[in-house]
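Scroll down for the structure; my scribbles are underneath it.
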Amino acid sequence: MPESHHPTSRPLYRAADLRPLLSPRSIAVVGASARQGSFGERTVHHLAGFTGRLHLVNSRYDRLGERPCHPSLTALPEVPDLVVAATPMEAAEAVLEECVTLGVGALVLYAAGFAETARPERVALQARLVARARQGRVRLVGPNCLGLVDYASGAWASFMSVPKPWRPLSGPAIGIVSQSGNLGFALAQATEAGAAVGRILTCGNSADVDVADYVAALAEDPSCSAIALLFEGLSEPRRLLEAAELAWANDKPLVVHKLATGASGAEAALSHTGSLAGSEAAYRAAFARCGAVMAEQYEGLLELTSFLAKAPPPRAAGVAVVSTSGGSAIMAADRAEARGVAMPQPGEAARAVLEARIPEFGSARNPCDVTAQVLTDPDSLRACAGALLADLAYGALIMPNGFAYDTATPRYAMLDALAAEHGKPACIVWTSQYLEGPGAREAEALPRVALFRSMDRCMAALAAWQARAALRASGRPAPRRVAPPGAAAAVAALLDRAAGPVLTEREAKAVLAAYGIPVVTETLAADADAAVAAAEAAGYPVVLKVESPDLPHKTEAGVIRLDLRDAAAVREAHATILANAARAAPRARINGVLVQPMVPAGIEMMVGATRDPLFGPTVLVGLGGILVELLRDSALALAPVGREEALDMLGRLKGAKLLDGFRNLPAVDRDTLAGIVQRVSELAADHAWRIAEIDVNPVICAGTRQVAVDALIALRQPLAQHG
């Protein structure tokens, strides 16, 4: 569950802070028991292989098996690094107090019934535990937790039936960090299928130690090759982002799957921006900013983490596929195209090898179908795979596995050897539905081969690998400000003069113009005669809109008329939109009617911003006009953004090809549009405590001519200004 009961905010615990918890030299189990199946009995059983010193505590026993049992922590021959409390909730404070008195380094509390019950007295009890633990410098895990496991030392401080590694670990291994103990241990069962998992770290109620602390500690742990993080939500996610930055600084891949992805609060949003910028989008933007990789599916979290742990930096963007099945080859091409993974054709040297070794009914191209003839000529598969890995166009090789059978296992070892020789990763896609069939463990355990049970997840992993490498190569340059020097002060003055919680369109455009965002010119007309005069001055065709702070959604209210080409049309439109305004909101304040020149056709885009309650200001871009609601195609980032990040946002849109010209639509200059995104992001960041939402929709774009023709800015309510 989200960690909603922290008494106070605090800095991250780092590896040194959590040393007694993650690398204990001695462990004491309070509540050790002889009762079969009890948490105390199960914990002692799991700790039988612990390489450090194990102490048992229970005043009811003198001995448990071959081990002495002590009446209290005080009676132990030493102060343990870690205490595991397999005791009822009622004993928690007494156990903690003894830990504080002795100077114990860390405490794991299994007991449930604390803040997760939402009962005020239980919430208060948990808060007291945390305050006392921090005062006494005891790192507290839980309560309501399943514990943690370190396979290397045998510190299996959990009552769960611990998944056993299929073979001993050799070298760095994956660390699993999970808010959910059940799902964390479920992920760790991948060890029985050959995955190199070194630690399982769960935190229950996250009263003190939480997933952010675990990530920070693993980021500095040389025995950890990559981090798989599963979580639901955090009350202070910026601590997790700080931990992710540590992982990035140590070049430690962090792969995240977030549960609870609903867009909370979207239904109450005033603007399109607010309805599109949900909590999941904000989390994705935050993790992208700090270099973490998102796993779309729980089922693919360990696959992706294992791949990134094994794969060296990519040497080329292209991916080659060598298959014994034409169907699998086609599947690979389909999923590569869907995921944006390049599959170029082989160069002359590789093509010559393929043509010499593949029968004429196969395919000597990429994807490569070597056919079932490899059964009679096994060396042909090695030759073709080696030729593709040697080709400078390819950074990785995929080999689909059609059937699970024992005799295929040598192929995987051959692939691992070739991957080592060429310094490139190889991927096996297990297309057989005998998911744990012969060869699966062997393939998973190879150091340079990654096993996937989905072609789509394989291609997604390769795309993420390449994107992560590109981000590392770019150095993540700090955003360079593009708004005019006096923009922030000018807009602060404009906002001070605002009469209500929603700016009029004219007021909103004045704010945008102060930041250098091009806006359409307009005149406010008090009556029909003034509207005609303004139209004559602007030149036909024109647009008429009612200006009212009480009608933020003008299209829905029917108070806009477009493409008016003469005075008669202006007069008729003027009467119609005022009547519509009266019907839509009889008490609406009407300032007059705006008269604007009709902007020539182009691609309609939307640029907006909102203040996420957890991450602060965010900026969003998407297809605009009526398409914003129909397609919901948008990209979001934390504000402010730089030019490269703004361009990346445009490239992430599903409809990005529209920007390059489509049929009779004009192309859009992406640099110019990225500049508008930057300026809106700076506006949102500069005034995060005053502006709730910005909606610039549409921005009509044709080449470098890009003009905002409508805008909405909603201000934060006074009580929220200190939130």
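By convention here, the chains of the structure tokens are called A, B, ... in the order presented, each chain's residues are numbered starting at 1, and ligands are numbered starting at 1 in the order presented.
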* Selection: 9 Å around Ile560 (chain A), only C-alpha atoms, excl. self and same-chain fewer than 4 positions, as JSON, numbers by chain -> {"A": [543, 544, 545, 546, 554, 555, 573, 577]}
Generate a file of the selected residues that holds N, CA and C atoms, formatted as a PDB file, in the first residue's frame.
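Output file out-v3.pdb follows:
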```pdb
ATOM      1  N   VAL A 543     -13.250  35.247 -36.902  1.00  0.00           N
ATOM      2  CA  VAL A 543     -13.832  34.353 -35.894  1.00  0.00           C
ATOM      3  C   VAL A 543     -14.446  35.212 -34.806  1.00  0.00           C
ATOM      4  N   LEU A 544     -15.639  34.824 -34.309  1.00  0.00           N
ATOM      5  CA  LEU A 544     -16.269  35.491 -33.175  1.00  0.00           C
ATOM      6  C   LEU A 544     -16.363  34.522 -32.001  1.00  0.00           C
ATOM      7  N   LYS A 545     -16.042  35.037 -30.801  1.00  0.00           N
ATOM      8  CA  LYS A 545     -16.144  34.242 -29.572  1.00  0.00           C
ATOM      9  C   LYS A 545     -16.689  35.125 -28.461  1.00  0.00           C
ATOM     10  N   VAL A 546     -17.580  34.576 -27.653  1.00  0.00           N
ATOM     11  CA  VAL A 546     -18.013  35.280 -26.454  1.00  0.00           C
ATOM     12  C   VAL A 546     -16.877  35.255 -25.439  1.00  0.00           C
ATOM     13  N   LYS A 554     -15.718  27.084 -24.488  1.00  0.00           N
ATOM     14  CA  LYS A 554     -16.558  27.841 -25.414  1.00  0.00           C
ATOM     15  C   LYS A 554     -17.193  26.971 -26.493  1.00  0.00           C
ATOM     16  N   THR A 555     -16.462  25.961 -26.957  1.00  0.00           N
ATOM     17  CA  THR A 555     -17.026  25.097 -28.006  1.00  0.00           C
ATOM     18  C   THR A 555     -18.269  24.386 -27.504  1.00  0.00           C
ATOM     19  N   ALA A 573     -23.860  35.883 -36.493  1.00  0.00           N
ATOM     20  CA  ALA A 573     -23.082  35.103 -35.537  1.00  0.00           C
ATOM     21  C   ALA A 573     -23.070  35.771 -34.170  1.00  0.00           C
ATOM     22  N   ILE A 577     -24.328  33.641 -30.865  1.00  0.00           N
ATOM     23  CA  ILE A 577     -23.458  33.198 -29.768  1.00  0.00           C
ATOM     24  C   ILE A 577     -23.849  33.847 -28.442  1.00  0.00           C
TER      25      ILE A 577
END
```
* To do: Give me the residues within 10 Å of Asp210 (chain A) as a PyMOL selection string, counting only C-alpha atoms and dropping any in the same chain fewer than 2 places off.
  => chain A and resi 3+12-13+140-142+177-179+201-208+212-215+234+239-240
* Determine the nearest neighbour of Glu644 (chain A) from the options A:Leu446, A:Ile590, A:Ala470, A:Leu623, counting only C-alpha atoms. =>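 Residue with the minimum atom-to-atom distance to Glu644 (chain A): A:Ala470.
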* To do: Between A:Ala111, A:Gln345, A:Val30, A:Gln36, single out the one closest to Ser59 (chain A), counting only C-alpha atoms.
  =>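 Nearest candidate to Ser59 (chain A) out of A:Ala111, A:Gln345, A:Val30, A:Gln36: A:Val30.
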* Quick one: residues within 9 Å of Pro168 (chain A), only C-alpha atoms counted, chain neighbours fewer than 6 positions away excluded, as a PyMOL selection string? -> chain A and resi 151-152+196
Emit the selected residues as a compact mmCIF listing (two decimals), in the first residue's frame, including C-alpha atoms.
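What landed in again_16.txt:
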```txt
# COMPACT_ATOMS: atom_id res chain seq x y z
CA TYR A 151 20.90 -15.29 -1.16
CA ALA A 152 24.65 -14.70 -1.01
CA ALA A 196 20.15 -14.53 -11.19
```
Report as JSON lines: every residue of region 202-273 of chain A with an atom at most 6 Å from region 284-295 of chain A, its closest pair of atoms, and their distance in Å to one decimal, counting only C-alpha atoms, with rows sorted by chain and ascending residue number.
```
{"residue": "A:Glu245", "atom": "CA", "partner": "A:Cys290", "partner_atom": "CA", "distance": 5.6}
{"residue": "A:Leu254", "atom": "CA", "partner": "A:Ala292", "partner_atom": "CA", "distance": 5.1}
{"residue": "A:Val255", "atom": "CA", "partner": "A:Val293", "partner_atom": "CA", "distance": 4.7}
{"residue": "A:Val256", "atom": "CA", "partner": "A:Met294", "partner_atom": "CA", "distance": 4.8}
{"residue": "A:His257", "atom": "CA", "partner": "A:Ala295", "partner_atom": "CA", "distance": 5.1}
```
* Within 10 Å of Ala390 (chain A), counting only C-alpha atoms, which residues qualify if same-chain residues fewer than 4 places away don't, as number ranges by chain? -> A: 347, 349-350, 384-386, 394-395, 418-419, 421-424
Grab the residues selected above and save them as a tab-separated table (two decimals), in the first residue's frame with N, CA and C atoms.
```tsv
chain	number	residue	atom	x	y	z
A	347	GLY	N	24.96	-6.66	-44.40
A	347	GLY	CA	25.96	-6.17	-45.35
A	347	GLY	C	26.44	-7.29	-46.26
A	349	ALA	N	29.27	-9.01	-46.56
A	349	ALA	CA	29.96	-10.18	-46.01
A	349	ALA	C	28.97	-11.13	-45.35
A	350	ALA	N	28.06	-10.59	-44.54
A	350	ALA	CA	27.08	-11.44	-43.86
A	350	ALA	C	26.13	-12.07	-44.87
A	384	CYS	N	25.54	-18.71	-39.59
A	384	CYS	CA	24.63	-17.60	-39.89
A	384	CYS	C	24.52	-16.64	-38.70
A	385	ALA	N	24.39	-17.19	-37.49
A	385	ALA	CA	24.31	-16.34	-36.31
A	385	ALA	C	25.60	-15.54	-36.13
A	386	GLY	N	26.73	-16.19	-36.35
A	386	GLY	CA	28.01	-15.51	-36.22
A	386	GLY	C	28.19	-14.41	-37.24
A	394	TYR	N	24.37	-4.41	-36.78
A	394	TYR	CA	23.55	-5.02	-35.75
A	394	TYR	C	24.17	-4.88	-34.36
A	395	GLY	N	23.32	-4.50	-33.39
A	395	GLY	CA	23.77	-4.42	-32.01
A	395	GLY	C	23.32	-5.58	-31.17
A	418	LEU	N	29.01	-16.97	-29.00
A	418	LEU	CA	29.08	-15.98	-30.08
A	418	LEU	C	28.84	-14.57	-29.55
A	419	ALA	N	27.88	-14.43	-28.62
A	419	ALA	CA	27.61	-13.11	-28.04
A	419	ALA	C	28.84	-12.59	-27.31
A	421	GLU	N	31.96	-13.42	-27.96
A	421	GLU	CA	32.99	-13.15	-28.97
A	421	GLU	C	32.81	-11.78	-29.60
A	422	HIS	N	31.57	-11.41	-29.86
A	422	HIS	CA	31.31	-10.15	-30.58
A	422	HIS	C	30.92	-9.00	-29.66
A	423	GLY	N	30.80	-9.25	-28.37
A	423	GLY	CA	30.47	-8.18	-27.43
A	423	GLY	C	29.07	-7.63	-27.63
A	424	LYS	N	28.14	-8.48	-28.03
A	424	LYS	CA	26.76	-8.06	-28.27
A	424	LYS	C	25.81	-9.04	-27.58
```
Report as a PDB file with all heavy atoms, in the first residue's frame all protein, DNA and RNA residues lying within 6 Å of region 687-696 of chain A, evaluated on only C-alpha atoms, omitting residues in the same chain fewer than 5 positions from it.
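Generated output (result-v1.pdb):
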```
ATOM      1  N   THR A 273      -5.856  19.437 -20.529  1.00  0.00           N
ATOM      2  CA  THR A 273      -4.559  19.102 -19.940  1.00  0.00           C
ATOM      3  C   THR A 273      -4.743  18.313 -18.656  1.00  0.00           C
ATOM      4  O   THR A 273      -4.130  17.270 -18.445  1.00  0.00           O
ATOM      5  CB  THR A 273      -3.754  20.383 -19.641  1.00  0.00           C
ATOM      6  OG1 THR A 273      -3.586  21.114 -20.850  1.00  0.00           O
ATOM      7  CG2 THR A 273      -2.408  20.046 -19.047  1.00  0.00           C
ATOM      8  N   MET A 606      -2.179  20.818 -29.216  1.00  0.00           N
ATOM      9  CA  MET A 606      -2.491  21.320 -27.892  1.00  0.00           C
ATOM     10  C   MET A 606      -1.219  21.283 -27.049  1.00  0.00           C
ATOM     11  O   MET A 606      -0.489  20.286 -27.065  1.00  0.00           O
ATOM     12  CB  MET A 606      -3.551  20.450 -27.218  1.00  0.00           C
ATOM     13  CG  MET A 606      -3.925  20.947 -25.824  1.00  0.00           C
ATOM     14  SD  MET A 606      -4.544  19.653 -24.732  1.00  0.00           S
ATOM     15  CE  MET A 606      -3.063  18.737 -24.418  1.00  0.00           C
ATOM     16  N   VAL A 607      -0.956  22.368 -26.350  1.00  0.00           N
ATOM     17  CA  VAL A 607       0.150  22.416 -25.390  1.00  0.00           C
ATOM     18  C   VAL A 607      -0.442  22.884 -24.067  1.00  0.00           C
ATOM     19  O   VAL A 607      -1.184  23.872 -24.032  1.00  0.00           O
ATOM     20  CB  VAL A 607       1.273  23.368 -25.844  1.00  0.00           C
ATOM     21  CG1 VAL A 607       2.429  23.328 -24.847  1.00  0.00           C
ATOM     22  CG2 VAL A 607       1.758  23.017 -27.241  1.00  0.00           C
ATOM     23  N   GLY A 608      -0.138  22.173 -23.001  1.00  0.00           N
ATOM     24  CA  GLY A 608      -0.718  22.538 -21.716  1.00  0.00           C
ATOM     25  C   GLY A 608       0.217  22.249 -20.578  1.00  0.00           C
ATOM     26  O   GLY A 608       1.329  21.733 -20.747  1.00  0.00           O
ATOM     27  N   ALA A 609      -0.251  22.574 -19.400  1.00  0.00           N
ATOM     28  CA  ALA A 609       0.525  22.313 -18.192  1.00  0.00           C
ATOM     29  C   ALA A 609      -0.429  22.182 -17.021  1.00  0.00           C
ATOM     30  O   ALA A 609      -1.536  22.722 -17.031  1.00  0.00           O
ATOM     31  CB  ALA A 609       1.537  23.433 -17.933  1.00  0.00           C
ATOM     32  N   THR A 610       0.007  21.443 -16.038  1.00  0.00           N
ATOM     33  CA  THR A 610      -0.759  21.312 -14.799  1.00  0.00           C
ATOM     34  C   THR A 610       0.220  21.066 -13.667  1.00  0.00           C
ATOM     35  O   THR A 610       1.399  20.775 -13.906  1.00  0.00           O
ATOM     36  CB  THR A 610      -1.786  20.160 -14.898  1.00  0.00           C
ATOM     37  OG1 THR A 610      -2.621  20.166 -13.741  1.00  0.00           O
ATOM     38  CG2 THR A 610      -1.103  18.812 -15.002  1.00  0.00           C
ATOM     39  N   ARG A 611      -0.275  21.189 -12.452  1.00  0.00           N
ATOM     40  CA  ARG A 611       0.584  20.947 -11.291  1.00  0.00           C
ATOM     41  C   ARG A 611       0.191  19.626 -10.660  1.00  0.00           C
ATOM     42  O   ARG A 611      -0.867  19.500 -10.052  1.00  0.00           O
ATOM     43  CB  ARG A 611       0.467  22.078 -10.263  1.00  0.00           C
ATOM     44  CG  ARG A 611       1.466  21.943  -9.119  1.00  0.00           C
ATOM     45  CD  ARG A 611       1.343  23.092  -8.123  1.00  0.00           C
ATOM     46  NE  ARG A 611       2.385  23.013  -7.130  1.00  0.00           N
ATOM     47  CZ  ARG A 611       2.353  22.219  -6.052  1.00  0.00           C
ATOM     48  NH1 ARG A 611       1.312  21.447  -5.853  1.00  0.00           N
ATOM     49  NH2 ARG A 611       3.355  22.220  -5.189  1.00  0.00           N
ATOM     50  N   PRO A 617       4.958  20.980 -11.199  1.00  0.00           N
ATOM     51  CA  PRO A 617       4.503  21.362 -12.537  1.00  0.00           C
ATOM     52  C   PRO A 617       4.916  20.356 -13.611  1.00  0.00           C
ATOM     53  O   PRO A 617       6.040  19.856 -13.617  1.00  0.00           O
ATOM     54  CB  PRO A 617       5.170  22.722 -12.774  1.00  0.00           C
ATOM     55  CG  PRO A 617       6.349  22.738 -11.845  1.00  0.00           C
ATOM     56  CD  PRO A 617       5.937  21.934 -10.650  1.00  0.00           C
ATOM     57  N   ALA A 711      -6.895  29.866 -25.494  1.00  0.00           N
ATOM     58  CA  ALA A 711      -6.123  29.513 -24.302  1.00  0.00           C
ATOM     59  C   ALA A 711      -6.994  29.604 -23.070  1.00  0.00           C
ATOM     60  O   ALA A 711      -7.915  30.430 -22.991  1.00  0.00           O
ATOM     61  CB  ALA A 711      -4.906  30.432 -24.156  1.00  0.00           C
ATOM     62  N   LEU A 712      -6.703  28.737 -22.128  1.00  0.00           N
ATOM     63  CA  LEU A 712      -7.382  28.733 -20.825  1.00  0.00           C
ATOM     64  C   LEU A 712      -6.311  28.617 -19.750  1.00  0.00           C
ATOM     65  O   LEU A 712      -5.427  27.771 -19.842  1.00  0.00           O
ATOM     66  CB  LEU A 712      -8.357  27.557 -20.749  1.00  0.00           C
ATOM     67  CG  LEU A 712      -9.181  27.381 -19.468  1.00  0.00           C
ATOM     68  CD1 LEU A 712     -10.479  26.660 -19.783  1.00  0.00           C
ATOM     69  CD2 LEU A 712      -8.429  26.598 -18.391  1.00  0.00           C
ATOM     70  N   ILE A 713      -6.392  29.473 -18.759  1.00  0.00           N
ATOM     71  CA  ILE A 713      -5.495  29.383 -17.601  1.00  0.00           C
ATOM     72  C   ILE A 713      -6.349  29.444 -16.346  1.00  0.00           C
ATOM     73  O   ILE A 713      -7.102  30.404 -16.135  1.00  0.00           O
ATOM     74  CB  ILE A 713      -4.443  30.505 -17.583  1.00  0.00           C
ATOM     75  CG1 ILE A 713      -3.508  30.373 -18.795  1.00  0.00           C
ATOM     76  CG2 ILE A 713      -3.632  30.460 -16.285  1.00  0.00           C
ATOM     77  CD1 ILE A 713      -2.451  31.462 -18.884  1.00  0.00           C
ATOM     78  N   ALA A 714      -6.250  28.394 -15.522  1.00  0.00           N
ATOM     79  CA  ALA A 714      -6.966  28.337 -14.245  1.00  0.00           C
ATOM     80  C   ALA A 714      -5.966  28.542 -13.121  1.00  0.00           C
ATOM     81  O   ALA A 714      -4.875  27.964 -13.137  1.00  0.00           O
ATOM     82  CB  ALA A 714      -7.676  26.999 -14.089  1.00  0.00           C
ATOM     83  N   LEU A 715      -6.340  29.359 -12.145  1.00  0.00           N
ATOM     84  CA  LEU A 715      -5.459  29.661 -11.024  1.00  0.00           C
ATOM     85  C   LEU A 715      -5.748  28.744  -9.850  1.00  0.00           C
ATOM     86  O   LEU A 715      -6.862  28.235  -9.695  1.00  0.00           O
ATOM     87  CB  LEU A 715      -5.639  31.119 -10.599  1.00  0.00           C
ATOM     88  CG  LEU A 715      -5.380  32.165 -11.692  1.00  0.00           C
ATOM     89  CD1 LEU A 715      -5.552  33.568 -11.118  1.00  0.00           C
ATOM     90  CD2 LEU A 715      -3.993  32.004 -12.285  1.00  0.00           C
ATOM     91  N   ARG A 716      -4.741  28.542  -9.039  1.00  0.00           N
ATOM     92  CA  ARG A 716      -4.913  27.735  -7.835  1.00  0.00           C
ATOM     93  C   ARG A 716      -5.695  28.534  -6.801  1.00  0.00           C
ATOM     94  O   ARG A 716      -5.576  29.751  -6.700  1.00  0.00           O
ATOM     95  CB  ARG A 716      -3.563  27.321  -7.267  1.00  0.00           C
ATOM     96  CG  ARG A 716      -2.722  26.525  -8.244  1.00  0.00           C
ATOM     97  CD  ARG A 716      -1.491  25.964  -7.567  1.00  0.00           C
ATOM     98  NE  ARG A 716      -1.872  24.903  -6.652  1.00  0.00           N
ATOM     99  CZ  ARG A 716      -1.151  24.535  -5.603  1.00  0.00           C
ATOM    100  NH1 ARG A 716      -0.026  25.164  -5.321  1.00  0.00           N
ATOM    101  NH2 ARG A 716      -1.551  23.558  -4.816  1.00  0.00           N
ATOM    102  N   GLN A 721      -2.286  27.374  -2.024  1.00  0.00           N
ATOM    103  CA  GLN A 721      -1.017  27.993  -2.377  1.00  0.00           C
ATOM    104  C   GLN A 721       0.135  27.527  -1.498  1.00  0.00           C
ATOM    105  O   GLN A 721       1.287  27.681  -1.855  1.00  0.00           O
ATOM    106  CB  GLN A 721      -1.153  29.509  -2.310  1.00  0.00           C
ATOM    107  CG  GLN A 721      -2.038  30.048  -3.442  1.00  0.00           C
ATOM    108  CD  GLN A 721      -2.151  31.555  -3.405  1.00  0.00           C
ATOM    109  OE1 GLN A 721      -1.585  32.202  -2.537  1.00  0.00           O
ATOM    110  NE2 GLN A 721      -2.881  32.128  -4.340  1.00  0.00           N
TER     111      GLN A 721
END
```
* **Which of region 404-602 of chain A fall in helix (DSSP H, G or I), as a ChimeraX atom specification** => /A:406-422,440-445,455-474,487-496,505-514,528-538,554-557,567-584
